[in-house]
>>> print(open('target_3.csv').read())   # CSV, C-alpha atoms
chain,number,residue,atom,x,y,z
A,1279,MET,CA,6.0,1.1,-4.6
A,1280,ALA,CA,3.3,-1.1,-1.7
A,1281,SER,CA,-1.3,1.1,0.2
A,1282,MET,CA,-9.6,6.3,0.0
A,1283,LEU,CA,-12.2,8.7,0.8
A,1284,ASN,CA,-13.1,12.2,-0.5
A,1285,THR,CA,-12.2,15.3,1.5
A,1286,VAL,CA,-14.7,16.0,4.2
A,1287,SER,CA,-15.2,18.9,6.6
A,1288,CYS,CA,-14.2,17.1,9.7
A,1289,MET,CA,-13.5,13.7,11.2
A,1290,ARG,CA,-14.4,12.5,14.6
A,1291,LEU,CA,-13.4,9.3,16.3
A,1292,SER,CA,-16.0,8.1,18.8
A,1293,HIS,CA,-15.8,5.0,21.0
A,1294,SER,CA,-18.7,3.1,22.3
A,1295,ASN,CA,-18.8,2.4,26.0
A,1296,ILE,CA,-17.6,-1.1,26.9
A,1297,VAL,CA,-19.5,-2.9,29.7
A,1298,ASN,CA,-17.1,-4.9,31.7
A,1299,SER,CA,-19.3,-8.0,32.1
A,1300,ARG,CA,-18.6,-11.6,31.2
A,1301,SER,CA,-22.0,-11.9,29.7
A,1302,GLN,CA,-21.3,-9.1,27.2
A,1303,SER,CA,-21.9,-9.9,23.6
A,1304,ALA,CA,-19.0,-10.0,21.1
A,1305,PRO,CA,-17.7,-6.7,19.9
A,1306,ARG,CA,-19.3,-5.1,16.9
A,1307,HIS,CA,-17.2,-4.5,13.8
A,1308,GLY,CA,-16.0,-0.9,13.1
A,1309,SER,CA,-18.4,1.1,10.9
A,1310,LEU,CA,-18.2,4.1,8.7
A,1311,SER,CA,-21.2,6.4,8.5
A,1312,PHE,CA,-21.7,9.4,6.2
A,1313,THR,CA,-23.8,12.5,6.7
A,1314,ARG,CA,-24.0,15.6,4.6
A,1315,ARG,CA,-21.8,17.6,7.0
A,1316,ARG,CA,-19.4,15.1,8.6
A,1317,LEU,CA,-17.7,11.8,8.5
A,1318,THR,CA,-17.7,9.8,11.7
A,1319,VAL,CA,-15.3,6.8,12.1
A,1320,ARG,CA,-16.5,4.5,14.8
A,1321,ALA,CA,-13.8,2.3,16.1
A,1322,ALA,CA,-14.5,-1.4,17.0
A,1323,GLU,CA,-15.6,-1.8,20.6
A,1324,THR,CA,-12.6,-3.8,21.4
A,1325,GLU,CA,-10.3,-1.4,23.2
A,1326,THR,CA,-6.6,-1.7,22.7
A,1327,ASN,CA,-6.0,-1.8,26.4
A,1328,GLU,CA,-8.5,-4.6,26.8
A,1329,VAL,CA,-6.6,-6.7,24.2
A,1330,GLN,CA,-3.4,-5.8,25.8
A,1331,SER,CA,-4.4,-7.1,29.1
A,1332,GLN,CA,-5.2,-10.5,27.7
A,1333,VAL,CA,-1.7,-11.2,26.4
A,1334,PRO,CA,1.7,-11.5,28.1
A,1335,ASN,CA,3.6,-8.3,28.6
A,1336,LYS,CA,6.3,-7.9,26.0
A,1337,ALA,CA,8.8,-5.1,26.1
A,1338,PRO,CA,11.3,-3.9,23.6
A,1339,ALA,CA,14.9,-4.8,24.1
A,1340,LYS,CA,16.7,-2.7,26.6
A,1341,GLY,CA,18.8,0.0,25.1
A,1342,GLY,CA,16.8,0.2,21.9
A,1343,SER,CA,18.1,2.2,19.1
A,1344,SER,CA,16.8,5.7,18.5
A,1345,PHE,CA,17.8,5.3,14.9
A,1346,ASN,CA,15.6,2.2,14.6
A,1347,GLN,CA,12.8,4.2,16.2
A,1348,LEU,CA,13.0,6.9,13.5
A,1349,LEU,CA,13.0,4.2,10.8
A,1350,GLY,CA,10.1,2.4,12.3
A,1351,ILE,CA,11.8,-1.0,12.6
A,1352,LYS,CA,12.5,-3.6,15.3
A,1353,GLY,CA,14.8,-2.7,18.1
A,1354,ALA,CA,13.4,0.8,18.5
A,1355,SER,CA,13.8,2.8,21.7
A,1356,GLN,CA,10.8,4.1,23.5
A,1357,GLU,CA,10.1,7.7,22.5
A,1358,THR,CA,8.0,10.5,24.0
A,1359,ASN,CA,8.5,13.2,21.4
A,1360,LYS,CA,5.3,13.3,19.3
A,1361,TRP,CA,7.0,14.2,16.1
A,1362,LYS,CA,9.4,11.3,16.3
A,1363,ILE,CA,6.5,9.0,17.1
A,1364,ARG,CA,4.6,10.4,14.1
A,1365,LEU,CA,7.6,9.7,11.9
A,1366,GLN,CA,7.9,6.2,13.3
A,1367,LEU,CA,4.3,5.5,12.3
A,1368,THR,CA,5.1,6.3,8.7
A,1369,LYS,CA,8.0,3.7,8.8
A,1370,PRO,CA,10.6,5.6,6.7
A,1371,VAL,CA,12.4,2.3,6.1
A,1372,THR,CA,9.6,1.4,3.7
A,1373,TRP,CA,9.9,4.5,1.5
A,1374,PRO,CA,13.0,3.6,-0.6
A,1375,PRO,CA,11.3,0.9,-2.7
A,1376,LEU,CA,8.6,3.4,-3.7
A,1377,VAL,CA,11.2,6.1,-4.5
A,1378,TRP,CA,13.2,3.5,-6.5
A,1379,GLY,CA,10.0,2.6,-8.4
A,1380,VAL,CA,9.6,6.2,-9.5
A,1381,VAL,CA,13.3,6.1,-10.7
A,1382,CYS,CA,12.5,2.9,-12.7
A,1383,GLY,CA,9.4,4.4,-14.2
A,1384,ALA,CA,11.3,7.5,-15.3
A,1385,ALA,CA,14.0,5.4,-16.8
A,1386,ALA,CA,11.5,3.2,-18.6
A,1387,SER,CA,9.9,6.2,-20.2
A,1388,GLY,CA,13.0,7.0,-22.1
A,1389,ASN,CA,12.2,10.7,-21.8
A,1390,PHE,CA,13.9,11.7,-18.6
A,1391,ASP,CA,16.7,14.3,-19.0
A,1392,TRP,CA,19.0,15.5,-16.3
A,1393,THR,CA,17.5,19.0,-16.4
A,1394,LEU,CA,16.5,21.0,-13.3
A,1395,GLU,CA,12.8,20.7,-14.2
A,1396,ASP,CA,12.9,16.9,-14.7
A,1397,VAL,CA,14.8,16.4,-11.5
A,1398,ALA,CA,12.3,18.6,-9.6
A,1399,LYS,CA,9.4,16.6,-11.1
A,1400,SER,CA,10.9,13.3,-10.0
A,1401,ILE,CA,11.6,14.6,-6.5
A,1402,PHE,CA,8.0,15.7,-6.1
A,1403,CYS,CA,6.8,12.3,-7.4
A,1404,MET,CA,9.1,10.6,-4.9
A,1405,LEU,CA,7.6,12.7,-2.1
A,1406,MET,CA,4.1,11.8,-3.2
A,1407,SER,CA,5.0,8.0,-3.4
A,1408,GLY,CA,7.2,7.8,-0.3
A,1409,PRO,CA,6.6,10.0,2.7
A,1410,CYS,CA,3.0,11.0,1.8
A,1411,LEU,CA,1.2,7.9,0.4
A,1412,THR,CA,3.5,5.2,1.9
A,1413,GLY,CA,3.4,7.1,5.2
A,1414,TYR,CA,-0.5,7.1,4.9
A,1415,THR,CA,-0.5,3.4,4.1
A,1416,GLN,CA,1.8,2.5,7.1
A,1417,THR,CA,-0.1,4.7,9.5
A,1418,ILE,CA,-3.6,3.4,8.5
A,1419,ASN,CA,-2.2,-0.2,8.7
A,1420,ASP,CA,-0.9,0.3,12.2
A,1421,TRP,CA,-4.3,1.8,13.2
A,1422,TYR,CA,-6.2,-1.3,12.0
A,1423,ASP,CA,-3.5,-3.6,13.3
A,1424,ARG,CA,-3.5,-2.2,16.8
A,1425,GLU,CA,-5.1,-5.3,18.3
A,1426,ILE,CA,-2.6,-7.6,16.6
A,1427,ASP,CA,0.3,-5.3,17.7
A,1428,ALA,CA,-1.0,-5.5,21.2
A,1429,ILE,CA,-0.1,-9.2,21.0
A,1430,ASN,CA,3.0,-9.1,18.8
A,1431,GLU,CA,4.5,-5.7,19.7
A,1432,PRO,CA,2.5,-4.0,22.5
A,1433,TYR,CA,5.2,-1.4,22.9
A,1434,ARG,CA,4.4,0.1,19.5
A,1435,PRO,CA,3.1,3.7,19.5
A,1436,ILE,CA,-0.6,3.0,19.2
A,1437,PRO,CA,-1.2,0.0,21.5
A,1438,SER,CA,1.2,1.5,24.1
A,1439,GLY,CA,-0.8,4.8,24.1
A,1440,ALA,CA,2.3,6.9,23.1
A,1441,ILE,CA,0.1,8.7,20.6
A,1442,SER,CA,-3.6,9.4,20.9
A,1443,GLU,CA,-6.2,8.0,18.6
A,1444,ASN,CA,-7.3,11.4,17.4
A,1445,GLU,CA,-3.7,12.3,16.6
A,1446,VAL,CA,-3.4,9.1,14.5
A,1447,ILE,CA,-6.6,9.9,12.6
A,1448,VAL,CA,-5.4,13.4,11.8
A,1449,GLN,CA,-2.1,12.1,10.6
A,1450,ILE,CA,-3.8,9.6,8.2
A,1451,TRP,CA,-5.9,12.4,6.6
A,1452,VAL,CA,-3.0,14.9,6.3
A,1453,LEU,CA,-0.8,12.4,4.6
A,1454,LEU,CA,-3.5,11.2,2.3
A,1455,LEU,CA,-4.6,14.7,1.2
A,1456,ALA,CA,-1.0,15.8,0.8
A,1457,GLY,CA,-0.3,12.8,-1.5
A,1458,LEU,CA,-3.4,13.4,-3.6
A,1459,GLY,CA,-2.6,17.1,-3.8
A,1460,LEU,CA,0.9,16.4,-5.1
A,1461,ALA,CA,-0.5,13.9,-7.6
A,1462,GLY,CA,-2.8,16.6,-9.0
A,1463,LEU,CA,0.1,19.1,-9.1
A,1464,LEU,CA,2.2,16.6,-11.1
A,1465,ASP,CA,-0.5,16.1,-13.6
A,1466,VAL,CA,-0.7,19.8,-14.2
A,1467,TRP,CA,3.0,20.1,-14.4
A,1468,ALA,CA,3.3,17.3,-16.9
A,1469,GLY,CA,0.5,18.9,-19.1
A,1470,HIS,CA,-1.8,15.8,-18.9
A,1471,ASN,CA,-5.2,16.2,-20.4
A,1472,PHE,CA,-6.3,13.2,-18.3
A,1473,PRO,CA,-5.1,13.2,-14.6
A,1474,THR,CA,-3.3,9.9,-14.8
A,1475,ILE,CA,-1.1,10.4,-11.8
A,1476,PHE,CA,-4.0,11.6,-9.6
A,1477,TYR,CA,-6.1,8.5,-10.4
A,1478,LEU,CA,-3.1,6.2,-9.8
A,1479,ALA,CA,-2.6,7.9,-6.4
A,1480,LEU,CA,-6.4,7.6,-5.7
A,1481,GLY,CA,-6.4,3.9,-6.7
A,1482,GLY,CA,-3.3,3.2,-4.7
A,1483,SER,CA,-4.8,4.9,-1.6
A,1484,LEU,CA,-8.0,2.9,-2.0
A,1485,LEU,CA,-6.0,-0.3,-2.3
A,1486,SER,CA,-4.1,0.6,0.9
A,1487,TYR,CA,-7.4,1.2,2.7
A,1488,ILE,CA,-9.0,-2.1,1.7
A,1489,TYR,CA,-5.8,-3.9,2.4
A,1490,SER,CA,-5.9,-2.9,6.1
A,1491,ALA,CA,-9.5,-2.1,6.9
A,1492,PRO,CA,-12.6,-4.3,7.3
A,1493,PRO,CA,-14.8,-5.5,5.8
A,1494,LEU,CA,-12.5,-6.5,2.9
A,1495,LYS,CA,-9.2,-6.4,4.7
A,1496,LEU,CA,-7.2,-8.0,1.9
A,1497,LYS,CA,-4.3,-8.9,4.3
A,1498,GLN,CA,-6.5,-11.5,5.9
A,1499,ASN,CA,-5.7,-13.7,2.8
A,1500,GLY,CA,-2.0,-14.3,2.4
A,1501,TRP,CA,-2.1,-14.6,-1.4
A,1502,ILE,CA,-4.4,-11.6,-2.3
A,1503,GLY,CA,-3.0,-9.4,0.5
A,1504,ASN,CA,0.7,-9.9,-0.3
A,1505,PHE,CA,0.1,-9.5,-4.1
A,1506,ALA,CA,-1.7,-6.2,-3.4
A,1507,LEU,CA,1.3,-5.2,-1.3
A,1508,GLY,CA,3.7,-6.2,-4.0
A,1509,ALA,CA,1.9,-4.2,-6.6
A,1510,SER,CA,1.8,-1.2,-4.4
A,1511,TYR,CA,5.5,-1.2,-3.9
A,1512,ILE,CA,6.6,-2.1,-7.4
A,1513,SER,CA,3.9,-1.4,-10.0
A,1514,LEU,CA,2.2,1.8,-8.8
A,1515,PRO,CA,5.4,4.0,-8.3
A,1516,TRP,CA,6.8,2.7,-11.6
A,1517,TRP,CA,3.5,3.7,-13.4
A,1518,ALA,CA,3.6,7.1,-11.7
A,1519,GLY,CA,7.2,7.7,-12.8
A,1520,GLN,CA,6.5,6.6,-16.3
A,1521,ALA,CA,3.3,8.5,-16.7
A,1522,LEU,CA,5.1,11.6,-15.5
A,1523,PHE,CA,7.7,11.5,-18.2
A,1524,GLY,CA,6.1,9.4,-20.9
A,1525,THR,CA,3.1,7.1,-21.6
A,1526,LEU,CA,2.0,3.9,-19.9
A,1527,THR,CA,1.8,1.0,-22.4
A,1528,PRO,CA,0.0,-2.4,-21.9
A,1529,ASP,CA,3.3,-4.4,-22.1
A,1530,ILE,CA,4.8,-2.3,-19.2
A,1531,ILE,CA,1.6,-2.8,-17.1
A,1532,VAL,CA,1.8,-6.6,-17.6
A,1533,LEU,CA,5.6,-6.7,-17.0
A,1534,THR,CA,5.4,-4.7,-13.7
A,1535,LEU,CA,2.4,-6.7,-12.5
A,1536,LEU,CA,4.5,-9.9,-13.1
A,1537,TYR,CA,7.3,-8.3,-11.1
A,1538,SER,CA,4.8,-7.7,-8.3
A,1539,ILE,CA,4.8,-11.5,-7.8
A,1540,ALA,CA,8.3,-11.0,-6.6
A,1541,GLY,CA,6.9,-8.3,-4.3
A,1542,LEU,CA,4.5,-10.9,-3.0
A,1543,GLY,CA,7.5,-13.0,-2.0
A,1544,ILE,CA,9.1,-10.1,-0.3
A,1545,ALA,CA,5.9,-9.4,1.7
A,1546,ILE,CA,5.9,-13.0,2.9
A,1547,VAL,CA,9.3,-12.4,4.6
A,1548,ASN,CA,7.6,-10.0,7.0
A,1549,ASP,CA,4.8,-12.4,7.9
A,1550,PHE,CA,7.0,-14.9,9.8
A,1551,LYS,CA,7.6,-12.6,12.7
A,1552,SER,CA,3.8,-12.1,13.1
A,1553,ILE,CA,2.7,-15.7,13.1
A,1554,GLU,CA,1.5,-15.6,16.8
A,1555,GLY,CA,-0.6,-12.5,16.4
A,1556,ASP,CA,-1.9,-13.5,12.9
A,1557,ARG,CA,-3.1,-16.8,14.2
A,1558,ALA,CA,-4.7,-15.3,17.3
A,1559,MET,CA,-6.6,-12.8,15.1
A,1560,GLY,CA,-7.6,-15.3,12.4
A,1561,LEU,CA,-5.4,-13.8,9.6
A,1562,GLN,CA,-4.5,-16.4,7.1
A,1563,SER,CA,-1.0,-15.3,6.3
A,1564,LEU,CA,0.9,-17.9,4.3
A,1565,PRO,CA,3.1,-19.0,7.3
A,1566,VAL,CA,-0.1,-19.5,9.3
A,1567,ALA,CA,-1.9,-21.3,6.4
A,1568,PHE,CA,0.9,-23.5,5.2
A,1569,GLY,CA,3.3,-23.6,8.1
A,1570,ALA,CA,6.7,-21.8,8.3
A,1571,GLU,CA,8.6,-24.6,6.5
A,1572,THR,CA,6.4,-24.6,3.3
A,1573,ALA,CA,5.9,-20.8,3.4
A,1574,LYS,CA,9.6,-20.0,3.2
A,1575,TRP,CA,9.9,-22.0,0.0
A,1576,ILE,CA,6.8,-20.3,-1.5
A,1577,CYS,CA,8.5,-17.0,-0.6
A,1578,VAL,CA,11.8,-17.7,-2.3
A,1579,GLY,CA,10.1,-19.4,-5.3
A,1580,ALA,CA,7.9,-16.3,-5.9
A,1581,ILE,CA,11.0,-14.1,-5.8
A,1582,ASP,CA,13.3,-16.2,-8.0
A,1583,ILE,CA,10.9,-17.6,-10.5
A,1584,THR,CA,9.5,-14.2,-11.2
A,1585,GLN,CA,12.9,-12.7,-11.9
A,1586,ILE,CA,14.0,-15.6,-14.1
A,1587,SER,CA,10.7,-15.2,-16.1
A,1588,VAL,CA,11.4,-11.5,-16.6
A,1589,ALA,CA,15.0,-12.3,-17.7
A,1590,GLY,CA,13.6,-14.9,-20.1
A,1591,TYR,CA,11.2,-12.2,-21.5
A,1592,LEU,CA,14.1,-9.8,-22.0
A,1593,LEU,CA,16.1,-12.6,-23.8
A,1594,GLY,CA,13.1,-13.4,-26.0
A,1595,THR,CA,12.7,-9.8,-27.1
A,1596,GLY,CA,16.4,-9.5,-28.1
A,1597,LYS,CA,17.7,-7.7,-25.0
A,1598,LEU,CA,20.5,-10.2,-24.5
A,1599,TYR,CA,22.9,-8.1,-22.3
A,1600,TYR,CA,20.1,-6.9,-20.1
A,1601,ALA,CA,18.9,-10.5,-19.6
A,1602,LEU,CA,22.4,-11.6,-18.7
A,1603,ALA,CA,22.7,-8.7,-16.3
A,1604,LEU,CA,19.4,-9.7,-14.6
A,1605,PHE,CA,20.5,-13.4,-14.4
A,1606,GLY,CA,23.7,-12.2,-12.7
A,1607,LEU,CA,21.7,-10.2,-10.1
A,1608,ILE,CA,19.5,-13.2,-9.3
A,1609,ILE,CA,22.5,-15.4,-8.3
A,1610,PRO,CA,23.5,-13.6,-5.1
A,1611,GLN,CA,19.9,-13.4,-4.0
A,1612,VAL,CA,19.7,-17.2,-4.2
A,1613,VAL,CA,23.0,-17.5,-2.2
A,1614,PHE,CA,21.7,-15.2,0.6
A,1615,GLN,CA,18.4,-17.2,0.7
A,1616,PHE,CA,20.3,-20.4,1.5
A,1617,GLN,CA,22.8,-18.6,3.8
A,1618,TYR,CA,20.1,-16.7,5.9
A,1619,PHE,CA,16.5,-16.9,5.1
A,1620,LEU,CA,16.0,-20.7,4.6
A,1621,LYS,CA,17.9,-21.4,7.7
A,1622,ASP,CA,15.7,-19.3,10.0
A,1623,PRO,CA,13.2,-16.8,8.4
A,1624,VAL,CA,12.5,-15.2,11.8
A,1625,LYS,CA,16.0,-14.8,13.1
A,1626,TYR,CA,17.6,-13.7,9.8
A,1627,ASP,CA,14.7,-11.8,8.2
A,1628,VAL,CA,16.4,-8.3,8.5
A,1629,LYS,CA,19.8,-9.6,7.6
A,1630,TYR,CA,18.5,-11.5,4.5
A,1631,GLN,CA,16.5,-8.4,3.3
A,1632,ALA,CA,19.5,-6.1,3.8
A,1633,SER,CA,21.8,-8.6,1.8
A,1634,ALA,CA,19.5,-9.7,-1.0
A,1635,GLN,CA,17.1,-6.9,-1.8
A,1636,PRO,CA,19.7,-4.5,-3.2
A,1637,PHE,CA,20.2,-7.0,-6.0
A,1638,LEU,CA,16.5,-7.3,-6.6
A,1639,VAL,CA,16.0,-3.5,-6.9
A,1640,LEU,CA,19.0,-3.2,-9.2
A,1641,GLY,CA,17.3,-5.9,-11.3
A,1642,LEU,CA,14.2,-3.6,-11.5
A,1643,LEU,CA,16.3,-0.8,-12.9
A,1644,VAL,CA,18.0,-3.1,-15.4
A,1645,THR,CA,14.5,-4.2,-16.6
A,1646,ALA,CA,13.4,-0.5,-16.8
A,1647,LEU,CA,16.4,0.4,-18.9
A,1648,ALA,CA,15.8,-2.6,-21.1
A,1649,THR,CA,12.2,-1.5,-21.8
A,1650,SER,CA,13.3,2.1,-22.6
A,1651,HIS,CA,15.4,1.0,-25.6
>>> encode(input="target_3.csv", output="structure tokens")
Amino acid sequence: MASMLNTVSCMRLSHSNIVNSRSQSAPRHGSLSFTRRRLTVRAAETETNEVQSQVPNKAPAKGGSSFNQLLGIKGASQETNKWKIRLQLTKPVTWPPLVWGVVCGAAASGNFDWTLEDVAKSIFCMLMSGPCLTGYTQTINDWYDREIDAINEPYRPIPSGAISENEVIVQIWVLLLAGLGLAGLLDVWAGHNFPTIFYLALGGSLLSYIYSAPPLKLKQNGWIGNFALGASYISLPWWAGQALFGTLTPDIIVLTLLYSIAGLGIAIVNDFKSIEGDRAMGLQSLPVAFGAETAKWICVGAIDITQISVAGYLLGTGKLYYALALFGLIIPQVVFQFQYFLKDPVKYDVKYQASAQPFLVLGLLVTALATSH
């Protein structure tokens, strides 16, 4: 929709001293320790600046866009305003798929009405899924990726020092607790006896944490990590929207998890620009594991075969017109794959996603409407 700990009294980030000696032993992994009164997050002993000094200096393109900076995408200008930097960390450009997932879930429920109350419910669910929990996911991912970003994009807010480590930690907790609070409110508002939306938010937040953080760090494995990302961006917001207005059923859970394989393919698109850093940090993204040439075919195969399978499912269940509509939306995606992505997945990644993904998300809505009838 695309990324958990209980509330605690306070959080403190403490760094161990680094001895600048060549005989120094390898850095210890980050650790998490609990006491009755406080939670202490101990960062790995590898300092961002230390990593930065070992790689070539890379600067953003001159005259970067302030609009790109606010969206959290490539080509951003350097910014000193802390609130703009905080917004950049949440990567607003990643919110729309989660918002759209809520729309699809509401449509699939068959119970959404264009009343003031239902519209208000859906807006709160979108705020939970997008700005709060996706913002939490993106911020915590940037925090644990700070060493990789020091290689790939050393000008990003955390490795560049534009925002302090304590400020990042506070932002992570504020967004997480706000998202969980909204989830609990939505359960009460919907009259749920069992807090379905809260547990979906809790599970999604935990998934986001283990995706980015050691020791599990799911993103180290290209298959598992990208599927987890796809499920977070497609399945979880859909489930939240459907649970808000109706009931989750096993067939919808299976169908949306199948659609998450297409999300896996979309996630691979973003891996090509990080090959250098992923290889240096030992992350087995699919472009690193299989090479760029093979990975780009895995990517388009996951996207296309998944959608064709869903269209076949709709056809098999008697939803002929919906199946034909979905087939019609797959065709332009294939055209743009050959026109942009398969030619050069690094050069044309943004152009490909801007051209092809609108058809994929429309296909999600077609599928949602089909399941509601």
>>> closest_residue(input="target_3.csv", among="A:Ile1447, A:Lys1551, A:Gly1606, A:Leu1376", to="Gly1508 (chain A)", atoms="only C-alpha atoms")
A:Leu1376
>>> atom_distance(input="target_3.csv", atom1="CA of Ala1385 (chain A)", atom2="CA of Leu1522 (chain A)")
10.9 Å
>>> residues_around(input="target_3.csv", residues="Asp1627 (chain A)", least_positions_apart="6", cutoff="9 Å", atoms="only C-alpha atoms", output="list of chain:residue names")
A:Val1547, A:Asn1548, A:Phe1550, A:Lys1551, A:Tyr1618, A:Phe1619
>>> residues_around(input="target_3.csv", residues="region 1393-1399 of chain A", least_positions_apart="4", cutoff="10 Å", atoms="all atoms listed in the file", output="ChimeraX atom specification")
/A:1384,1389,1403-1405,1463-1464,1467-1468,1519,1522-1523
>>> closest_residue(input="target_3.csv", among="A:Ala1521, A:Ile1553, A:Val1448, A:Leu1643", to="Asp1427 (chain A)", atoms="all atoms listed in the file")
A:Ile1553
>>> atom_distance(input="target_3.csv", atom1="CA of Val1578 (chain A)", atom2="CA of Gly1481 (chain A)")
28.6 Å
>>> residues_near_point(input="target_3.csv", point="(-3.8, -1.2, -2.7)", cutoff="8 Å", atoms="only C-alpha atoms", output="short mmCIF file (atom, residue, chain, number, x, y, z; two decimals) with C-alpha atoms, in the frame of the given file")
data_model
loop_
_atom_site.label_atom_id
_atom_site.label_comp_id
_atom_site.auth_asym_id
_atom_site.auth_seq_id
_atom_site.Cartn_x
_atom_site.Cartn_y
_atom_site.Cartn_z
CA ALA A 1280 3.30 -1.10 -1.70
CA SER A 1281 -1.30 1.10 0.20
CA GLY A 1481 -6.40 3.90 -6.70
CA GLY A 1482 -3.30 3.20 -4.70
CA SER A 1483 -4.80 4.90 -1.60
CA LEU A 1484 -8.00 2.90 -2.00
CA LEU A 1485 -6.00 -0.30 -2.30
CA SER A 1486 -4.10 0.60 0.90
CA TYR A 1487 -7.40 1.20 2.70
CA ILE A 1488 -9.00 -2.10 1.70
CA TYR A 1489 -5.80 -3.90 2.40
CA ALA A 1506 -1.70 -6.20 -3.40
CA LEU A 1507 1.30 -5.20 -1.30
CA ALA A 1509 1.90 -4.20 -6.60
CA SER A 1510 1.80 -1.20 -4.40
#
>>> closest_residue(input="target_3.csv", among="A:Leu1536, A:Phe1568, A:Trp1517, A:Asn1471", to="Asp1582 (chain A)", atoms="all atoms listed in the file")
A:Leu1536
